[in-house]
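Structure file input-v3.tsv (TSV, C-alpha atoms and all ligand atoms) follows.
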chain	number	residue	atom	x	y	z
A	1	MET	CA	38.86	9.79	-62.25
A	2	THR	CA	39.47	9.18	-65.95
A	3	LYS	CA	42.99	8.08	-66.71
A	4	GLN	CA	44.92	10.29	-69.11
A	5	ILE	CA	45.72	8.62	-72.45
A	6	GLY	CA	48.68	9.83	-74.46
A	7	ILE	CA	51.28	8.87	-77.04
A	8	LEU	CA	53.98	6.51	-75.78
A	9	GLY	CA	55.84	5.98	-79.05
A	10	THR	CA	55.60	6.56	-82.81
A	11	GLY	CA	56.89	4.82	-85.92
A	12	SER	CA	56.60	4.95	-89.69
A	13	ALA	CA	57.55	2.96	-92.76
A	14	ILE	CA	57.77	4.13	-96.35
A	15	PRO	CA	58.68	2.24	-99.53
A	16	GLU	CA	62.09	2.85	-101.07
A	17	ARG	CA	60.98	3.64	-104.60
A	18	ILE	CA	60.71	7.38	-105.29
A	19	LEU	CA	58.38	8.66	-108.02
A	20	THR	CA	59.47	12.17	-109.03
A	21	ASN	CA	57.53	14.89	-110.80
A	22	ALA	CA	59.97	14.56	-113.70
A	23	GLU	CA	58.96	10.92	-114.10
A	24	LEU	CA	55.27	11.84	-114.00
A	25	GLU	CA	55.94	14.33	-116.82
A	26	THR	CA	56.74	11.32	-119.00
A	27	MET	CA	53.51	9.53	-118.00
A	28	VAL	CA	50.79	12.22	-118.28
A	29	ASP	CA	50.37	15.76	-119.60
A	30	THR	CA	51.70	17.58	-116.55
A	31	SER	CA	54.74	19.54	-115.42
A	32	ASP	CA	56.91	19.79	-112.35
A	33	GLU	CA	56.00	23.48	-112.23
A	34	TRP	CA	52.22	22.74	-112.15
A	35	ILE	CA	52.55	20.05	-109.52
A	36	VAL	CA	54.82	22.08	-107.23
A	37	THR	CA	52.83	25.31	-107.44
A	38	ARG	CA	49.37	23.68	-107.24
A	39	THR	CA	50.17	21.03	-104.59
A	40	GLY	CA	53.65	21.50	-103.07
A	41	ILE	CA	54.51	17.88	-103.91
A	42	ARG	CA	57.99	17.16	-105.34
A	43	GLU	CA	58.12	13.39	-104.97
A	44	ARG	CA	56.21	10.48	-103.45
A	45	ARG	CA	57.01	6.87	-102.48
A	46	ILE	CA	55.54	3.94	-104.36
A	47	ALA	CA	55.18	0.39	-103.03
A	48	GLY	CA	57.37	-2.19	-104.73
A	49	PRO	CA	56.13	-5.64	-105.74
A	50	GLY	CA	57.14	-7.06	-102.34
A	51	ASP	CA	55.43	-4.33	-100.32
A	52	THR	CA	51.99	-4.94	-98.85
A	53	SER	CA	49.84	-2.89	-96.50
A	54	ALA	CA	50.42	-5.49	-93.77
A	55	LYS	CA	54.20	-5.38	-94.25
A	56	LEU	CA	54.51	-1.59	-94.03
A	57	ALA	CA	52.00	-1.50	-91.16
A	58	PHE	CA	54.06	-4.10	-89.30
A	59	GLU	CA	57.34	-2.21	-89.84
A	60	ALA	CA	55.83	1.07	-88.61
A	61	SER	CA	54.38	-0.78	-85.59
A	62	VAL	CA	57.71	-2.33	-84.63
A	63	ARG	CA	59.31	1.14	-84.68
A	64	ALA	CA	56.50	2.59	-82.56
A	65	LEU	CA	56.89	-0.19	-80.00
A	66	GLU	CA	60.67	0.33	-79.91
A	67	ALA	CA	60.19	4.08	-79.39
A	68	ALA	CA	57.75	3.34	-76.56
A	69	ASN	CA	60.17	0.85	-74.99
A	70	LEU	CA	57.42	-1.75	-75.02
A	71	GLN	CA	56.97	-5.30	-76.26
A	72	ALA	CA	54.11	-6.39	-78.49
A	73	THR	CA	52.85	-8.43	-75.55
A	74	ASP	CA	52.26	-5.15	-73.70
A	75	LEU	CA	49.49	-4.26	-76.16
A	76	ASP	CA	45.79	-4.78	-75.40
A	77	LEU	CA	44.27	-3.56	-78.66
A	78	ILE	CA	45.22	-2.99	-82.33
A	79	ILE	CA	43.33	-0.63	-84.65
A	80	CYS	CA	44.36	-0.15	-88.26
A	81	ALA	CA	42.96	2.62	-90.46
A	82	THR	CA	43.14	1.86	-94.16
A	83	VAL	CA	41.19	2.02	-97.40
A	84	THR	CA	43.69	-0.22	-99.18
A	85	PRO	CA	43.92	-3.46	-97.19
A	86	ASP	CA	45.71	-6.28	-99.01
A	87	GLN	CA	42.41	-8.19	-98.87
A	88	ALA	CA	38.93	-7.21	-97.65
A	89	PHE	CA	39.44	-9.70	-94.83
A	90	PRO	CA	41.08	-10.73	-92.59
A	91	ALA	CA	41.64	-7.24	-91.24
A	92	THR	CA	45.11	-5.74	-91.71
A	93	ALA	CA	45.17	-5.29	-87.92
A	94	CYS	CA	44.90	-9.09	-87.56
A	95	LEU	CA	47.71	-9.61	-90.09
A	96	VAL	CA	49.89	-7.23	-88.07
A	97	GLN	CA	48.93	-8.95	-84.83
A	98	GLU	CA	50.08	-12.27	-86.27
A	99	ARG	CA	53.41	-10.78	-87.44
A	100	LEU	CA	53.92	-9.22	-84.00
A	101	GLY	CA	53.48	-12.66	-82.47
A	102	VAL	CA	50.67	-11.78	-80.10
A	103	SER	CA	47.22	-13.28	-79.91
A	104	ASN	CA	43.84	-12.91	-78.23
A	105	ILE	CA	43.75	-9.10	-78.06
A	106	PRO	CA	41.12	-7.39	-80.23
A	107	ALA	CA	42.33	-6.21	-83.63
A	108	PHE	CA	40.23	-4.50	-86.28
A	109	ASP	CA	40.37	-2.14	-89.26
A	110	LEU	CA	38.44	1.04	-89.81
A	111	SER	CA	37.74	3.01	-92.97
A	112	ALA	CA	37.60	6.79	-92.71
A	113	GLY	CA	39.73	7.77	-95.70
A	114	CYS	CA	42.49	10.24	-94.93
A	115	SER	CA	40.89	10.97	-91.52
A	116	GLY	CA	41.52	7.35	-90.55
A	117	PHE	CA	44.46	8.00	-88.27
A	118	GLY	CA	42.50	10.50	-86.21
A	119	TYR	CA	39.50	8.17	-86.11
A	120	GLY	CA	41.80	5.39	-84.90
A	121	ILE	CA	43.10	7.55	-82.08
A	122	GLY	CA	39.56	8.62	-81.16
A	123	ALA	CA	38.29	5.03	-81.13
A	124	ALA	CA	41.26	3.86	-79.07
A	125	GLN	CA	40.84	6.69	-76.60
A	126	ALA	CA	37.21	5.69	-76.04
A	127	LEU	CA	38.08	2.01	-75.59
A	128	LEU	CA	41.04	2.73	-73.29
A	129	GLY	CA	38.80	5.09	-71.34
A	130	THR	CA	36.59	2.15	-70.33
A	131	GLY	CA	39.50	0.84	-68.28
A	132	GLN	CA	39.27	-2.53	-70.00
A	133	TYR	CA	42.44	-1.93	-72.02
A	134	GLN	CA	45.72	-0.27	-71.10
A	135	ARG	CA	47.66	0.21	-74.31
A	136	ALA	CA	46.62	0.40	-77.94
A	137	LEU	CA	48.53	0.26	-81.21
A	138	ILE	CA	47.08	2.61	-83.84
A	139	ILE	CA	48.18	2.17	-87.44
A	140	GLY	CA	47.39	4.19	-90.54
A	141	VAL	CA	48.47	2.53	-93.76
A	142	ASP	CA	47.58	3.06	-97.39
A	143	LEU	CA	49.05	2.00	-100.69
A	144	LEU	CA	47.03	4.38	-102.84
A	145	SER	CA	49.31	3.60	-105.80
A	146	ARG	CA	47.41	0.32	-106.05
A	147	ILE	CA	44.15	2.18	-106.77
A	148	THR	CA	45.52	5.20	-108.65
A	149	ASP	CA	44.86	5.59	-112.36
A	150	TYR	CA	48.26	6.60	-113.77
A	151	SER	CA	46.61	7.96	-116.90
A	152	ASP	CA	44.52	10.47	-114.88
A	153	ARG	CA	46.67	13.57	-114.31
A	154	SER	CA	44.16	15.10	-111.91
A	155	THR	CA	44.82	12.38	-109.31
A	156	CYS	CA	48.01	10.47	-110.14
A	157	VAL	CA	50.35	13.31	-109.21
A	158	LEU	CA	48.92	13.53	-105.70
A	159	PHE	CA	49.22	10.18	-104.00
A	160	GLY	CA	51.95	8.12	-102.35
A	161	ASP	CA	52.29	5.03	-100.16
A	162	GLY	CA	53.31	4.57	-96.53
A	163	ALA	CA	52.41	3.63	-92.98
A	164	GLY	CA	52.43	5.41	-89.63
A	165	ALA	CA	51.89	3.96	-86.16
A	166	MET	CA	51.51	5.06	-82.56
A	167	VAL	CA	51.30	3.35	-79.21
A	168	LEU	CA	48.76	4.96	-76.89
A	169	GLY	CA	48.60	4.37	-73.16
A	170	PRO	CA	48.53	5.99	-69.75
A	171	VAL	CA	50.47	9.24	-69.28
A	172	PRO	CA	50.80	11.47	-66.21
A	173	GLU	CA	47.89	13.63	-65.11
A	174	GLY	CA	47.41	16.73	-67.28
A	175	TYR	CA	49.17	15.26	-70.33
A	176	GLY	CA	47.90	13.36	-73.35
A	177	LEU	CA	44.66	13.65	-75.27
A	178	LEU	CA	42.59	16.60	-74.11
A	179	ALA	CA	39.85	16.83	-76.74
A	180	SER	CA	38.71	15.28	-79.98
A	181	ASP	CA	36.33	16.22	-82.75
A	182	LEU	CA	35.41	13.47	-85.21
A	183	GLY	CA	32.76	13.95	-87.85
A	184	ALA	CA	31.40	12.97	-91.23
A	185	ASP	CA	29.16	14.39	-93.92
A	186	GLY	CA	28.06	11.48	-96.08
A	187	SER	CA	26.35	13.83	-98.51
A	188	GLY	CA	29.83	14.64	-99.83
A	189	GLY	CA	30.72	11.01	-100.45
A	190	HIS	CA	30.47	11.45	-104.21
A	191	PHE	CA	33.34	13.97	-104.21
A	192	LEU	CA	35.92	11.28	-103.41
A	193	TYR	CA	35.29	7.59	-104.00
A	194	GLN	CA	36.55	4.42	-105.62
A	195	GLU	CA	34.97	3.14	-108.82
A	196	ASN	CA	36.12	0.36	-111.12
A	197	GLN	CA	39.21	-0.03	-108.98
A	198	TYR	CA	40.35	3.60	-109.23
A	199	ILE	CA	40.15	6.77	-107.13
A	200	LYS	CA	37.77	9.40	-108.51
A	201	MET	CA	37.87	12.88	-107.07
A	202	SER	CA	36.35	16.34	-107.51
A	203	GLY	CA	39.53	18.06	-106.38
A	204	SER	CA	38.23	21.57	-105.93
A	205	GLU	CA	35.20	20.39	-103.89
A	206	VAL	CA	37.44	18.39	-101.56
A	207	PHE	CA	39.79	21.37	-101.36
A	208	LYS	CA	37.04	23.72	-100.15
A	209	PHE	CA	35.73	21.15	-97.66
A	210	ALA	CA	39.26	20.55	-96.36
A	211	VAL	CA	40.05	24.19	-95.64
A	212	ARG	CA	36.66	24.66	-93.95
A	213	VAL	CA	36.87	21.63	-91.66
A	214	MET	CA	40.53	22.17	-90.79
A	215	GLU	CA	39.59	25.56	-89.44
A	216	ASN	CA	36.33	24.58	-87.76
A	217	SER	CA	37.41	21.26	-86.31
A	218	THR	CA	40.61	22.77	-84.88
A	219	LYS	CA	38.61	25.57	-83.30
A	220	ARG	CA	36.16	23.08	-81.79
A	221	VAL	CA	38.87	21.08	-79.98
A	222	LEU	CA	40.46	24.27	-78.69
A	223	ASN	CA	37.11	25.59	-77.46
A	224	LYS	CA	36.41	22.35	-75.62
A	225	VAL	CA	39.28	23.04	-73.22
A	226	GLY	CA	39.44	26.83	-73.48
A	227	LEU	CA	42.77	27.10	-75.31
A	228	SER	CA	43.48	29.75	-77.93
A	229	THR	CA	45.28	29.30	-81.24
A	230	ASN	CA	48.37	31.13	-80.02
A	231	GLN	CA	48.91	28.45	-77.35
A	232	ILE	CA	49.36	25.75	-80.01
A	233	GLN	CA	53.02	24.90	-80.65
A	234	TRP	CA	52.44	22.46	-83.52
A	235	VAL	CA	49.66	21.54	-85.89
A	236	ILE	CA	50.18	18.19	-87.61
A	237	PRO	CA	47.79	18.35	-90.56
A	238	HIS	CA	46.83	15.70	-93.07
A	239	GLN	CA	49.33	16.15	-95.90
A	240	ALA	CA	47.30	16.55	-99.08
A	241	ASN	CA	48.21	19.90	-100.58
A	242	ILE	CA	50.41	22.74	-99.28
A	243	ARG	CA	47.78	25.26	-100.44
A	244	ILE	CA	45.19	23.64	-98.13
A	245	ILE	CA	47.63	23.94	-95.22
A	246	THR	CA	48.48	27.56	-96.06
A	247	ALA	CA	44.80	28.51	-96.34
A	248	ALA	CA	43.90	26.79	-93.06
A	249	ALA	CA	46.83	28.44	-91.28
A	250	ALA	CA	45.70	31.87	-92.49
A	251	ARG	CA	42.11	31.29	-91.39
A	252	LEU	CA	43.20	30.07	-87.97
A	253	GLY	CA	45.75	32.84	-87.55
A	254	ILE	CA	48.43	30.27	-86.68
A	255	PRO	CA	51.83	30.97	-88.31
A	256	GLU	CA	52.56	28.46	-91.07
A	257	GLU	CA	55.92	27.59	-89.46
A	258	ARG	CA	53.93	25.88	-86.70
A	259	PHE	CA	52.38	23.48	-89.23
A	260	PHE	CA	54.51	20.37	-89.77
A	261	VAL	CA	54.84	19.74	-93.51
A	262	ASN	CA	56.30	16.79	-95.41
A	263	VAL	CA	53.86	16.67	-98.34
A	264	ASP	CA	56.75	17.71	-100.60
A	265	ARG	CA	58.47	14.35	-99.99
A	266	TYR	CA	55.59	11.89	-99.68
A	267	GLY	CA	52.53	13.40	-101.36
A	268	ASN	CA	49.19	12.36	-99.91
A	269	THR	CA	49.57	9.03	-98.10
A	270	SER	CA	45.93	8.96	-96.96
A	271	ALA	CA	45.39	7.30	-93.55
A	272	ALA	CA	49.16	7.15	-93.02
A	273	SER	CA	49.94	10.83	-93.47
A	274	ILE	CA	49.38	12.16	-89.95
A	275	GLY	CA	51.15	9.12	-88.46
A	276	ILE	CA	54.20	9.59	-90.69
A	277	ALA	CA	54.26	13.35	-90.08
A	278	PHE	CA	53.92	12.92	-86.33
A	279	ASP	CA	56.70	10.33	-86.26
A	280	GLU	CA	59.06	12.65	-88.16
A	281	LEU	CA	58.23	15.55	-85.85
A	282	ALA	CA	58.64	13.45	-82.68
A	283	ARG	CA	62.03	12.14	-83.86
A	284	SER	CA	63.23	15.60	-84.95
A	285	GLY	CA	63.69	16.61	-81.31
A	286	LYS	CA	61.54	19.71	-81.89
A	287	LEU	CA	58.76	18.69	-79.50
A	288	GLN	CA	59.06	19.99	-75.96
A	289	ASP	CA	57.43	18.42	-72.93
A	290	GLY	CA	54.11	20.21	-72.37
A	291	ASP	CA	53.66	21.43	-75.97
A	292	TYR	CA	50.05	21.67	-77.10
A	293	LEU	CA	49.58	19.85	-80.41
A	294	VAL	CA	46.67	19.57	-82.84
A	295	LEU	CA	46.36	16.67	-85.29
A	296	VAL	CA	43.80	17.50	-87.95
A	297	GLY	CA	42.66	15.62	-91.02
A	298	PHE	CA	39.95	15.30	-93.65
A	299	GLY	CA	39.14	12.78	-96.32
A	300	ALA	CA	36.77	10.45	-98.09
A	301	GLY	CA	33.37	10.15	-96.49
A	302	LEU	CA	33.62	13.04	-96.37
A	303	THR	CA	35.14	12.81	-92.91
A	304	TRP	CA	37.22	14.92	-90.58
A	305	SER	CA	39.11	14.48	-87.33
A	306	ALA	CA	40.90	16.80	-84.95
A	307	LEU	CA	42.69	15.88	-81.74
A	308	LEU	CA	44.23	18.17	-79.17
A	309	LEU	CA	46.93	16.84	-76.92
A	310	LYS	CA	49.57	17.94	-74.49
A	311	TRP	CA	52.84	16.27	-75.36
A	312	TRP	CA	54.43	14.10	-72.72
A	313	ALA	CA	58.10	13.59	-73.57
A	314	GLY	CA	58.34	10.77	-71.02
A	315	ASP	CA	61.61	8.88	-70.80
A	316	VAL	CA	61.49	7.97	-74.45
A	317	TYR	CA	61.85	11.11	-76.54
A	318	GLU	CA	63.92	13.09	-74.05
A	319	GLN	CA	67.35	13.13	-75.64
B	401	LIG	O1	43.14	13.62	-98.82
B	401	LIG	C1	41.96	14.04	-99.39
B	401	LIG	C2	42.05	13.80	-100.83
B	401	LIG	N1	42.27	14.83	-101.73
B	401	LIG	C3	42.65	16.11	-101.57
B	401	LIG	O2	42.87	16.59	-100.52
B	401	LIG	C4	42.76	16.95	-102.79
B	401	LIG	C5	42.15	18.30	-102.63
B	401	LIG	N2	42.22	19.06	-103.86
B	401	LIG	C6	43.37	19.55	-104.37
B	401	LIG	O3	44.43	19.37	-103.80
B	401	LIG	C7	43.30	20.36	-105.63
B	401	LIG	O4	41.96	20.61	-105.94
B	401	LIG	C8	44.00	19.67	-106.84
B	401	LIG	C9	45.51	19.70	-106.66
B	401	LIG	C10	43.50	18.25	-107.00
B	401	LIG	C11	43.69	20.46	-108.12
B	401	LIG	O5	44.07	21.80	-107.96
B	401	LIG	P1	43.06	22.97	-108.39
B	401	LIG	O6	43.75	24.22	-108.19
B	401	LIG	O7	41.78	22.73	-107.64
B	401	LIG	O8	42.91	22.71	-109.94
B	401	LIG	P2	41.62	22.32	-110.78
B	401	LIG	O9	41.16	20.94	-110.44
B	401	LIG	O10	40.64	23.43	-110.66
B	401	LIG	O11	42.24	22.32	-112.22
B	401	LIG	C12	42.82	23.47	-112.78
B	401	LIG	C13	43.38	23.11	-114.13
B	401	LIG	C14	42.42	22.31	-114.99
B	401	LIG	O12	42.56	22.75	-116.34
B	401	LIG	P3	41.45	23.70	-116.99
B	401	LIG	O13	40.18	22.89	-116.91
B	401	LIG	O14	41.44	24.92	-116.14
B	401	LIG	O15	41.99	23.89	-118.36
B	401	LIG	C15	42.95	20.89	-114.90
B	401	LIG	O16	42.67	20.12	-116.04
B	401	LIG	O17	44.55	22.29	-113.98
B	401	LIG	C16	44.43	21.14	-114.79
B	401	LIG	N3	45.15	20.03	-114.17
B	401	LIG	C17	46.45	19.79	-114.40
B	401	LIG	N4	47.35	20.39	-115.20
B	401	LIG	C18	48.60	19.90	-115.18
B	401	LIG	C19	44.68	19.13	-113.28
B	401	LIG	N5	45.67	18.29	-112.94
B	401	LIG	C20	46.76	18.67	-113.61
B	401	LIG	C21	48.08	18.19	-113.68
B	401	LIG	N6	48.96	18.85	-114.46
B	401	LIG	N7	48.51	17.15	-112.95
Take the structure from the file and write it as structure tokens.
Ligand code: UT7
Amino acid sequence: MTKQIGILGTGSAIPERILTNAELETMVDTSDEWIVTRTGIRERRIAGPGDTSAKLAFEASVRALEAANLQATDLDLIICATVTPDQAFPATACLVQERLGVSNIPAFDLSAGCSGFGYGIGAAQALLGTGQYQRALIIGVDLLSRITDYSDRSTCVLFGDGAGAMVLGPVPEGYGLLASDLGADGSGGHFLYQENQYIKMSGSEVFKFAVRVMENSTKRVLNKVGLSTNQIQWVIPHQANIRIITAAAARLGIPEERFFVNVDRYGNTSAASIGIAFDELARSGKLQDGDYLVLVGFGAGLTWSALLLKWWAGDVYEQ
């Protein structure tokens, strides 16, 4: 019998510095009105000189371990999703491992753009499913401000920095991860890529892809276990643009109130966004034991990821 894998604790870390739309108005030819109506973003967080991907990833991880009531020595595996590591190598996961004071367990990074958090969960689920490992730390961290061209108004208003983390491990029968749908279409790689240090994006192409895969990937995970959209209590989408979320909600026929949204406060934090959003939702006290949740993302690759899970409140989040 396969052991059920679920979320034992979540954490997040965001830089203190807030970059407002008003400030962006002084940097490029844009307006608060354009940014809010076209994206839903009001402000985003920007890494300070002392912030690094490893530092934010570590802080989010410590919070996730605390929420799970576990020590770093209880971990068997660390996976970090990022496209902005502080260095190409060693892996950010190894830098976090060192800061956590553990050794020997496997630690590696993966690159799947803004779908990275979902890919991390999917990879961990497969590895935990072998029975070789019990508990995994999944981190999504990106400091996109380090690769954003602040003279390009079509991208610089969108992105922010942050880290999200989760501890995965055994949960009671019937709970935890029920289905996943990970995918990629490399033929769309040229719609979102890094060149000469900076992010380049065909926004409207990514937009259309995003709405399509959010609908289709969500439907695929539901179909795998025979659930319908009206049984889903919460969708935790990648936070890129409120219009993408609204369009996906309409196509799925799921009321928008059941989509967790914080894009207004953080912008698009890439691989961190679902981790940060999930952490805020888990700590809000709004999740009920047994809720069906969908985590769905899309990003550079082009990639997508959807995960369906049944929330186990455990001893940790029950207030
Ligand atoms: O996580 C995955 C990564 N990325 C995404 O998910 C982004 C997906 N795409 C989007 O969110 C949207 O496509 C954007 C927000 C990037 C752009 O919105 P849009 O409605 O697709 O606008 P557009 O690119 O078609 O541009 C419309 C107009 C253009 O002017 P013209 O050519 O019609 O005169 C742009 O130059 O808006 C202009 N524009 C701006 N105007 C004011 C583009 N950026 C700005 C800006 N301020 N910041």
Task: Exercise: segment 263-274 of chain A partners within 7 Å, all atoms listed in the file, chain neighbours under 4 positions left out, as a PyMOL selection string - done: chain A and resi 40-45+81-82+113-117+140-142+158-164+236-241+278
Would you mind exporting the chosen residues as a PDB file, keeping the file's coordinate frame, restricted to C-alpha atoms?
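Result file part_24.pdb:
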ATOM      1  CA  GLY A  40      53.650  21.500-103.070  1.00  0.00           C
ATOM      2  CA  ILE A  41      54.510  17.880-103.910  1.00  0.00           C
ATOM      3  CA  ARG A  42      57.990  17.160-105.340  1.00  0.00           C
ATOM      4  CA  GLU A  43      58.120  13.390-104.970  1.00  0.00           C
ATOM      5  CA  ARG A  44      56.210  10.480-103.450  1.00  0.00           C
ATOM      6  CA  ARG A  45      57.010   6.870-102.480  1.00  0.00           C
ATOM      7  CA  ALA A  81      42.960   2.620 -90.460  1.00  0.00           C
ATOM      8  CA  THR A  82      43.140   1.860 -94.160  1.00  0.00           C
ATOM      9  CA  GLY A 113      39.730   7.770 -95.700  1.00  0.00           C
ATOM     10  CA  CYS A 114      42.490  10.240 -94.930  1.00  0.00           C
ATOM     11  CA  SER A 115      40.890  10.970 -91.520  1.00  0.00           C
ATOM     12  CA  GLY A 116      41.520   7.350 -90.550  1.00  0.00           C
ATOM     13  CA  PHE A 117      44.460   8.000 -88.270  1.00  0.00           C
ATOM     14  CA  GLY A 140      47.390   4.190 -90.540  1.00  0.00           C
ATOM     15  CA  VAL A 141      48.470   2.530 -93.760  1.00  0.00           C
ATOM     16  CA  ASP A 142      47.580   3.060 -97.390  1.00  0.00           C
ATOM     17  CA  LEU A 158      48.920  13.530-105.700  1.00  0.00           C
ATOM     18  CA  PHE A 159      49.220  10.180-104.000  1.00  0.00           C
ATOM     19  CA  GLY A 160      51.950   8.120-102.350  1.00  0.00           C
ATOM     20  CA  ASP A 161      52.290   5.030-100.160  1.00  0.00           C
ATOM     21  CA  GLY A 162      53.310   4.570 -96.530  1.00  0.00           C
ATOM     22  CA  ALA A 163      52.410   3.630 -92.980  1.00  0.00           C
ATOM     23  CA  GLY A 164      52.430   5.410 -89.630  1.00  0.00           C
ATOM     24  CA  ILE A 236      50.180  18.190 -87.610  1.00  0.00           C
ATOM     25  CA  PRO A 237      47.790  18.350 -90.560  1.00  0.00           C
ATOM     26  CA  HIS A 238      46.830  15.700 -93.070  1.00  0.00           C
ATOM     27  CA  GLN A 239      49.330  16.150 -95.900  1.00  0.00           C
ATOM     28  CA  ALA A 240      47.300  16.550 -99.080  1.00  0.00           C
ATOM     29  CA  ASN A 241      48.210  19.900-100.580  1.00  0.00           C
ATOM     30  CA  PHE A 278      53.920  12.920 -86.330  1.00  0.00           C
TER      31      PHE A 278
END
Task: Contacts to ligand LIG 401 (chain B) at 9 Å cut-off (all atoms listed in the file) as an MDAnalysis selection string - done: chainID A and resid 24:25 28:35 38:39 113:115 152:159 192 201:210 238:244 268:271 297:300 302
TODO: Please indicate the distance in Å from atom CA of Trp311 of chain A to atom CA of Leu293 of chain A, rounded to one decimal place.
DONE: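 Answer for the atom CA of Trp311 of chain A to atom CA of Leu293 of chain A separation: 7.0 Å.
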Open item on the list: Using only C-alpha atoms for the distances, tell me which of A:Tyr150, A:Phe191, A:Phe108, A:Trp312 is nearest to Glu23 of chain A.
Closed with: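 Smallest distance to Glu23 of chain A is found for A:Tyr150.
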Using all atoms listed in the file, what does the table of segment 135-220 of chain A residues within 12 Å of segment 280-289 of chain A look like, with each row giving the shortest atom pair and its distance in Å to one decimal, sorted by chain and ascending number, as CSV?
residue,atom,partner,partner_atom,distance
A:Gly164,CA,A:Glu280,CA,9.9
A:Ala165,CA,A:Glu280,CA,11.4
A:Met166,CA,A:Ala282,CA,11.0
A:Pro172,CA,A:Asp289,CA,11.7
A:Gly174,CA,A:Asp289,CA,11.6
A:Tyr175,CA,A:Asp289,CA,9.2
A:Gly176,CA,A:Asp289,CA,10.8
Open item on the list: Which residues are close to Ala248 of chain A, i.e. within 7 Å by all atoms listed in the file, leaving aside same-chain residues fewer than 4 positions away? Reply as a ChimeraX atom specification.
Closed with: /A:211,214-215,244,252
Using only the atoms of segment 20-27 of chain A listed in the file, plus 5 Å on each side, state the axis-aligned box centre and edge lengths in Å rounded to one decimal, as JSON.
{"center_x": 56.7, "center_y": 12.2, "center_z": -114.0, "size_x": 16.5, "size_y": 15.4, "size_z": 20.0}
